[in-house]
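Structure data (compact mmCIF, C-alpha atoms) from start-v5.txt:
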# COMPACT_ATOMS: atom_id res chain seq x y z
CA MET U 1 -22.30 -144.57 17.45
CA PRO U 2 -26.08 -144.13 17.79
CA SER U 3 -27.81 -146.55 20.13
CA THR U 4 -29.95 -147.76 17.20
CA TRP U 5 -26.92 -149.18 15.26
CA TRP U 6 -28.27 -152.71 15.65
CA THR U 7 -31.40 -151.95 13.59
CA ARG U 8 -29.35 -151.55 10.38
CA LYS U 9 -28.72 -155.23 9.60
CA ARG U 10 -30.74 -158.38 10.12
CA HIS U 11 -27.73 -160.10 11.70
CA TYR U 12 -27.38 -157.28 14.24
CA VAL U 13 -31.09 -157.50 15.08
CA THR U 14 -30.92 -161.25 15.75
CA TYR U 15 -27.77 -160.66 17.84
CA MET U 16 -29.56 -158.08 20.00
CA LEU U 17 -32.61 -160.33 20.17
CA ARG U 18 -30.37 -163.08 21.56
CA GLU U 19 -28.93 -160.68 24.14
CA PHE U 20 -32.43 -159.51 25.08
CA THR U 21 -33.62 -163.07 25.86
CA ALA U 22 -32.29 -162.55 29.41
CA VAL U 23 -35.10 -160.06 30.18
CA PRO U 24 -38.19 -162.29 29.60
CA MET U 25 -36.36 -165.31 31.06
CA ALA U 26 -35.58 -163.34 34.24
CA ALA U 27 -39.20 -162.11 34.38
CA TRP U 28 -40.57 -165.65 34.16
CA LEU U 29 -38.13 -166.99 36.77
CA LEU U 30 -39.12 -164.16 39.15
CA TRP U 31 -42.75 -165.24 38.70
CA PHE U 32 -41.61 -168.82 39.42
CA LEU U 33 -39.93 -167.63 42.65
CA VAL U 34 -43.17 -165.91 43.73
CA GLU U 35 -45.04 -169.14 42.96
CA ILE U 36 -42.68 -171.06 45.27
CA LYS U 37 -43.17 -168.42 47.98
CA ARG U 38 -46.97 -168.67 47.60
CA ALA U 39 -46.79 -172.33 48.61
CA GLY U 40 -46.17 -170.97 52.13
CA ASP U 41 -49.59 -169.24 52.16
CA GLY U 42 -51.38 -172.41 53.24
CA PRO U 43 -53.91 -174.61 51.40
CA ALA U 44 -56.85 -172.20 51.83
CA ARG U 45 -55.16 -169.24 50.14
CA TYR U 46 -53.22 -171.10 47.44
CA SER U 47 -54.69 -171.01 43.95
CA PRO U 48 -52.79 -171.70 40.72
CA HIS U 49 -52.61 -169.14 37.89
CA VAL U 50 -55.11 -169.75 35.10
CA SER U 51 -55.55 -166.30 33.53
CA THR U 52 -55.15 -165.77 29.78
CA ALA U 53 -52.72 -162.93 30.48
CA PHE U 54 -50.43 -165.33 32.35
CA VAL U 55 -50.55 -167.87 29.49
CA VAL U 56 -49.75 -165.12 26.94
CA PHE U 57 -46.85 -163.94 29.15
CA SER U 58 -45.57 -167.53 29.30
CA VAL U 59 -45.88 -168.01 25.53
CA VAL U 60 -43.75 -164.89 24.94
CA CYS U 61 -41.18 -166.00 27.54
CA PHE U 62 -41.17 -169.53 26.06
CA ALA U 63 -40.34 -168.14 22.61
CA PHE U 64 -37.39 -166.14 23.97
CA ALA U 65 -36.19 -169.01 26.19
CA THR U 66 -36.24 -171.44 23.25
CA TYR U 67 -34.34 -168.93 21.11
CA HIS U 68 -31.75 -168.63 23.91
CA SER U 69 -31.45 -172.44 24.07
CA TYR U 70 -31.02 -172.74 20.30
CA THR U 71 -28.37 -170.01 20.04
CA PHE U 72 -26.50 -170.91 23.24
CA LEU U 73 -26.30 -174.65 22.60
CA LYS U 74 -25.29 -174.05 18.98
CA LEU U 75 -22.37 -171.92 20.21
CA ALA U 76 -21.19 -174.81 22.38
CA GLY U 77 -19.44 -176.23 19.31
CA VAL U 78 -17.32 -173.07 19.09
CA ILE U 79 -16.65 -172.62 22.80
CA MET U 80 -16.15 -176.18 24.02
CA HIS U 81 -13.15 -178.08 22.78
CA VAL U 82 -13.60 -181.69 23.79
CA ARG U 83 -10.88 -184.29 23.38
CA LEU U 84 -11.72 -187.98 23.47
CA PHE U 85 -9.07 -190.71 23.21
CA ASP U 86 -6.51 -188.05 22.25
CA ARG U 87 -8.63 -186.85 19.32
CA ALA U 88 -10.58 -183.61 19.06
CA VAL U 89 -14.33 -184.16 18.94
CA PRO U 90 -15.77 -182.33 15.88
CA PRO U 91 -17.81 -179.21 16.82
CA ARG U 92 -20.86 -180.72 15.05
CA VAL U 93 -20.79 -183.72 17.42
CA VAL U 94 -20.49 -181.38 20.45
CA VAL U 95 -23.51 -179.36 19.25
CA LEU U 96 -25.56 -182.52 18.55
CA THR U 97 -24.69 -183.83 22.04
CA MET U 98 -25.85 -180.54 23.60
CA PHE U 99 -29.16 -180.68 21.70
CA GLY U 100 -29.53 -184.32 22.78
CA LEU U 101 -28.93 -183.24 26.40
CA TRP U 102 -31.59 -180.55 25.95
CA ALA U 103 -34.10 -183.20 24.83
CA VAL U 104 -33.22 -185.57 27.70
CA ALA U 105 -33.39 -182.79 30.34
CA SER U 106 -36.72 -181.55 28.95
CA ILE U 107 -38.26 -185.04 29.03
CA ALA U 108 -36.95 -185.70 32.56
CA ILE U 109 -38.26 -182.38 33.96
CA ALA U 110 -41.62 -182.74 32.20
CA ALA U 111 -41.89 -186.27 33.62
CA VAL U 112 -41.36 -184.95 37.18
CA LEU U 113 -43.70 -181.94 36.77
CA ILE U 114 -46.48 -184.05 35.24
CA GLY U 115 -45.75 -187.41 36.90
CA PHE U 116 -46.02 -186.11 40.46
CA ALA U 117 -49.24 -184.20 39.73
CA ARG U 118 -52.73 -185.48 40.34
CA MET Z 1 -22.01 -158.92 23.84
CA THR Z 2 -21.02 -161.96 25.28
CA VAL Z 3 -19.65 -165.10 23.82
CA GLU Z 4 -17.78 -163.78 20.77
CA GLU Z 5 -16.05 -161.23 22.90
CA HIS Z 6 -14.29 -163.93 24.83
CA LEU Z 7 -13.02 -165.78 21.80
CA PRO Z 8 -9.70 -164.99 20.15
CA ALA Z 9 -9.98 -162.69 17.15
CA SER Z 10 -8.93 -165.58 14.90
CA ARG Z 11 -12.06 -167.52 15.94
CA GLY Z 12 -14.60 -164.80 15.49
CA GLY Z 13 -14.03 -162.76 18.65
CA ARG Z 14 -13.62 -159.02 18.82
CA PRO Z 15 -9.99 -158.02 18.21
CA GLU Z 16 -10.18 -155.53 21.07
CA GLY Z 17 -12.10 -157.81 23.44
CA PRO Z 18 -10.67 -159.74 26.39
CA GLY Z 19 -10.18 -162.85 24.26
CA GLY Z 20 -8.82 -160.97 21.28
CA GLY Z 21 -5.53 -159.42 20.30
CA GLU Z 22 -3.55 -162.62 20.59
CA HIS Z 23 -0.99 -161.37 18.09
CA GLY Z 24 -0.87 -157.91 19.60
CA ASN Z 25 1.37 -156.25 22.13
CA LYS Z 26 2.46 -158.88 24.67
CA THR Z 27 3.58 -156.38 27.29
CA ALA Z 28 1.43 -155.37 30.26
CA ARG Z 29 -1.04 -158.23 29.73
CA ARG Z 30 -2.49 -159.86 32.83
CA PRO Z 31 -5.11 -162.60 32.99
CA ALA Z 32 -8.49 -160.99 33.71
CA TYR Z 33 -9.39 -163.22 36.65
CA ALA Z 34 -12.49 -161.22 37.66
CA HIS Z 35 -13.75 -161.34 34.10
CA LEU Z 36 -13.02 -165.06 33.91
CA PHE Z 37 -15.00 -165.65 37.13
CA TRP Z 38 -18.08 -163.74 35.92
CA TRP Z 39 -17.83 -165.40 32.54
CA PHE Z 40 -17.69 -168.86 34.17
CA LEU Z 41 -20.97 -168.08 35.99
CA PHE Z 42 -22.39 -166.54 32.81
CA ALA Z 43 -21.56 -169.58 30.66
CA ASN Z 44 -22.84 -172.14 33.16
CA GLY Z 45 -25.98 -170.11 33.84
CA GLY Z 46 -26.55 -169.81 30.10
CA GLY Z 47 -26.05 -173.53 29.62
CA LEU Z 48 -28.31 -174.56 32.49
CA THR Z 49 -31.14 -172.19 31.50
CA ALA Z 50 -30.79 -173.35 27.88
CA LEU Z 51 -31.24 -176.97 28.93
CA VAL Z 52 -34.07 -176.64 31.48
CA LEU Z 53 -35.98 -173.34 31.24
CA PRO Z 54 -38.10 -173.89 28.08
CA VAL Z 55 -39.69 -177.06 29.48
CA HIS Z 56 -40.49 -175.34 32.81
CA ILE Z 57 -42.24 -172.50 30.97
CA LEU Z 58 -44.02 -174.84 28.56
CA VAL Z 59 -45.36 -177.18 31.26
CA GLN Z 60 -45.95 -174.77 34.18
CA GLY Z 61 -46.79 -171.63 32.20
CA ILE Z 62 -48.75 -172.96 29.22
CA LEU Z 63 -49.86 -176.62 29.40
CA GLY Z 64 -50.79 -176.49 33.11
CA PRO Z 65 -52.90 -173.30 33.08
CA LEU Z 66 -54.64 -174.47 29.87
CA ARG Z 67 -55.38 -177.78 31.66
CA ILE Z 68 -53.86 -179.82 28.82
CA VAL Z 69 -51.83 -181.90 31.29
CA PRO Z 70 -51.90 -182.17 35.11
CA VAL Z 71 -48.97 -180.27 36.67
CA VAL Z 72 -47.58 -180.38 40.23
CA ASP Z 73 -48.13 -176.67 40.89
CA ARG Z 74 -51.89 -176.91 40.14
CA HIS Z 75 -52.66 -178.33 43.61
CA TYR Z 76 -51.38 -177.16 46.97
CA ASP Z 77 -50.54 -180.64 48.29
CA THR Z 78 -48.56 -181.83 45.22
CA TRP Z 79 -46.81 -178.45 44.95
CA THR Z 80 -45.65 -178.39 48.59
CA ALA Z 81 -44.66 -182.07 48.39
CA ILE Z 82 -42.30 -181.43 45.47
CA ILE Z 83 -40.91 -178.14 46.86
CA GLY Z 84 -40.19 -179.86 50.19
CA ASN Z 85 -37.90 -182.37 48.51
CA PRO Z 86 -34.25 -181.51 49.35
CA ILE Z 87 -33.00 -182.46 45.87
CA VAL Z 88 -35.60 -180.16 44.28
CA LYS Z 89 -34.60 -177.36 46.69
CA LEU Z 90 -30.93 -177.78 45.73
CA TYR Z 91 -31.81 -177.87 42.02
CA LEU Z 92 -33.89 -174.68 42.32
CA LEU Z 93 -31.14 -172.87 44.25
CA VAL Z 94 -28.50 -173.75 41.62
CA LEU Z 95 -30.92 -172.86 38.79
CA PHE Z 96 -31.84 -169.44 40.20
CA ALA Z 97 -28.27 -168.56 41.24
CA LEU Z 98 -26.61 -169.46 37.93
CA ALA Z 99 -29.51 -168.08 35.84
CA PHE Z 100 -29.42 -164.65 37.47
CA PHE Z 101 -25.62 -164.33 37.20
CA HIS Z 102 -26.07 -165.17 33.52
CA PHE Z 103 -28.81 -162.54 33.17
CA ALA Z 104 -26.71 -159.95 35.03
CA HIS Z 105 -23.73 -160.46 32.72
CA ARG Z 106 -25.87 -160.41 29.58
CA LEU Z 107 -27.88 -157.34 30.55
CA ARG Z 108 -24.71 -155.43 31.48
CA TYR Z 109 -23.27 -156.08 28.00
CA LEU Z 110 -26.67 -155.37 26.40
CA LEU Z 111 -26.47 -151.89 27.95
CA VAL Z 112 -22.88 -151.52 26.67
CA ASP Z 113 -24.13 -152.44 23.17
CA LEU Z 114 -26.95 -149.91 23.50
CA GLY Z 115 -24.39 -147.17 24.07
CA VAL Z 116 -24.12 -147.05 27.86
CA PRO Z 117 -20.36 -147.26 28.52
CA ALA Z 118 -20.96 -146.81 32.26
CA ALA Z 119 -22.30 -150.39 32.28
CA LYS Z 120 -18.65 -151.54 32.03
CA GLY Z 121 -17.63 -149.74 35.21
CA THR Z 122 -17.29 -151.04 38.75
CA PRO Z 123 -20.53 -149.44 40.07
CA ALA Z 124 -22.50 -151.20 37.31
CA GLN Z 125 -20.79 -154.49 38.16
CA VAL Z 126 -21.68 -154.04 41.82
CA ILE Z 127 -25.33 -153.32 40.90
CA PHE Z 128 -25.75 -156.16 38.39
CA TYR Z 129 -23.78 -158.94 40.12
CA GLY Z 130 -24.97 -157.66 43.49
CA GLY Z 131 -28.54 -157.96 42.20
CA ALA Z 132 -27.87 -161.54 41.10
CA GLY Z 133 -26.38 -162.26 44.54
CA LEU Z 134 -29.45 -160.74 46.17
CA VAL Z 135 -31.81 -162.92 44.10
CA THR Z 136 -29.71 -165.94 45.12
CA LEU Z 137 -30.01 -165.03 48.82
CA VAL Z 138 -33.77 -164.39 48.52
CA THR Z 139 -34.15 -167.76 46.75
CA LEU Z 140 -32.20 -169.47 49.54
CA TRP Z 141 -34.38 -167.76 52.15
CA ILE Z 142 -37.61 -168.71 50.35
CA LEU Z 143 -36.48 -172.33 49.88
CA LEU Z 144 -35.50 -172.65 53.55
CA THR Z 145 -38.56 -170.93 55.04
CA THR Z 146 -41.50 -171.69 52.72
CA VAL Z 147 -41.96 -175.44 52.91
CA PRO Z 148 -40.02 -177.59 55.42
CA ILE Z 149 -37.57 -180.11 53.96
CA SER Z 150 -39.16 -183.54 53.76
CA LEU Z 151 -38.50 -186.74 51.90
CA GLY Z 152 -42.15 -187.81 51.95

Represent the structure contained in this file as structure tokens.
Amino acid sequence: MPSTWWTRKRHYVTYMLREFTAVPMAAWLLWFLVEIKRAGDGPARYSPHVSTAFVVFSVVCFAFATYHSYTFLKLAGVIMHVRLFDRAVPPRVVVLTMFGLWAVASIAIAAVLIGFAR
Amino acid sequence: MTVEEHLPASRGGRPEGPGGGEHGNKTARRPAYAHLFWWFLFANGGGLTALVLPVHILVQGILGPLRIVPVVDRHYDTWTAIIGNPIVKLYLLVLFALAFFHFAHRLRYLLVDLGVPAAKGTPAQVIFYGGAGLVTLVTLWILLTTVPISLG
């Protein structure tokens, strides 16, 4: 099979797009790791990123990361089989719970990142 | 791929995948423990990054640099104060470790899908999961050596 098989159907393209999300997410996390390391440079040499190129890079990574979140959390209804009081929880409820968790985690992390700033 | 492959064929998985073929030949079938282990890391890494990564990128990568909101990593003192917190260090270690095992698993199967069968082999597994292990160790080293642990 040619390596371009996934370009034939829209469904295949979105599938490969979902698989590819790992690349920009890894790239952004590696930048994040460098940013943590730079904190060891001392106050005189530390300066935060402000360049347009960095913001554009982040916007692209944000789009892929959000697509990963949407597809991965939606699949939770298929993968996770939760039983509560001896009854199976409907997949729709599992998915809604995961999206709720996503909202709660996002608000909590944003609160820390912004709340402890000055 | 990834998730569908691990599901039984009756629930949308590949018939020939590890989760498939449930009605097939029952002989010579052993549980794929190594696969299960990598998939456990993959699934948890995928879940954790799905829940927390977009907000990190949005706040630290977009809103902060554009000066729309104040962010901890904009100033040296607030940045080192938060990185010095032991709970934050533990969170970052778990995030980086699980995320990179997730990426390793996904990228290996992305290569398989792009027609690189060698990505299924043991050398590829050593490279990809070894790479994830290396990132985990580097993260641990950075977290332990960059800013001292403090509760202040």

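Nearest residue to chain Z among U:Ala27, U:Val60, U:Val93, U:Ala65 is U:Ala65, counting all atoms listed in the file.
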
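Here atom CA of U:Val23 is placed at a distance of 21.2 Å from atom CA of U:His49.
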
Taking a cut-off of 8 Å and counting only C-alpha atoms, can you build a table that, for each residue of chain Z near chain U, reports the nearest atom pair and how far apart they are in Å (one decimal), sorted by chain then residue number, as CSV?
residue,atom,partner,partner_atom,distance
Z:Met1,CA,U:Glu19,CA,7.1
Z:Leu7,CA,U:Ile79,CA,7.8
Z:Gly46,CA,U:Phe72,CA,6.9
Z:Gly47,CA,U:Phe72,CA,6.9
Z:Thr49,CA,U:Ser69,CA,7.4
Z:Ala50,CA,U:Ser69,CA,4.0
Z:Leu51,CA,U:Trp102,CA,4.7
Z:Val52,CA,U:Ser106,CA,6.1
Z:Leu53,CA,U:Ala65,CA,6.7
Z:Pro54,CA,U:Ala65,CA,5.6
Z:Val55,CA,U:Ser106,CA,5.4
Z:His56,CA,U:Ile109,CA,7.5
Z:Ile57,CA,U:Phe62,CA,5.8
Z:Leu58,CA,U:Phe62,CA,6.5
Z:Val59,CA,U:Ala110,CA,6.8
Z:Gln60,CA,U:Leu113,CA,7.9
Z:Gly61,CA,U:Ser58,CA,5.2
Z:Ile62,CA,U:Val55,CA,5.4
Z:Pro65,CA,U:Val50,CA,4.6
Z:Leu66,CA,U:Val50,CA,7.1
Z:Val69,CA,U:Ile114,CA,7.0
Z:Pro70,CA,U:Ala117,CA,5.7
Z:Val71,CA,U:Ile114,CA,4.7
Z:Val72,CA,U:Ala117,CA,4.2
Z:Asp73,CA,U:Pro48,CA,6.8
Z:Arg74,CA,U:Pro48,CA,5.3
Z:His75,CA,U:Pro48,CA,7.2
Z:Tyr76,CA,U:Pro43,CA,5.7
Z:Asp77,CA,U:Pro43,CA,7.6
Z:Thr78,CA,U:Ala117,CA,6.0
Z:Trp79,CA,U:Ala39,CA,7.1
Z:Thr80,CA,U:Ala39,CA,6.2
Z:Ile82,CA,U:Phe116,CA,7.8
Z:Ile83,CA,U:Ile36,CA,7.5
Z:Phe96,CA,U:Leu29,CA,7.6
Z:Ala99,CA,U:Ala26,CA,7.9
Z:Phe100,CA,U:Ala26,CA,7.1
Z:His102,CA,U:Ala22,CA,7.9
Z:Phe103,CA,U:Ala22,CA,5.1
Z:Arg106,CA,U:Glu19,CA,6.2
Z:Leu107,CA,U:Ala22,CA,6.9
Z:Leu110,CA,U:Glu19,CA,6.2
Z:Asp113,CA,U:Ser3,CA,7.6
Z:Leu114,CA,U:Ser3,CA,4.8
Z:Gly115,CA,U:Ser3,CA,5.3
Z:Thr139,CA,U:Leu33,CA,7.1
Z:Ile142,CA,U:Lys37,CA,6.1
Z:Leu143,CA,U:Ile36,CA,7.8
Z:Thr146,CA,U:Gly40,CA,4.8
Z:Val147,CA,U:Gly40,CA,6.2

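Relative to atom CA of Z:Val135, atom CA of Z:His35 is found at 20.7 Å.
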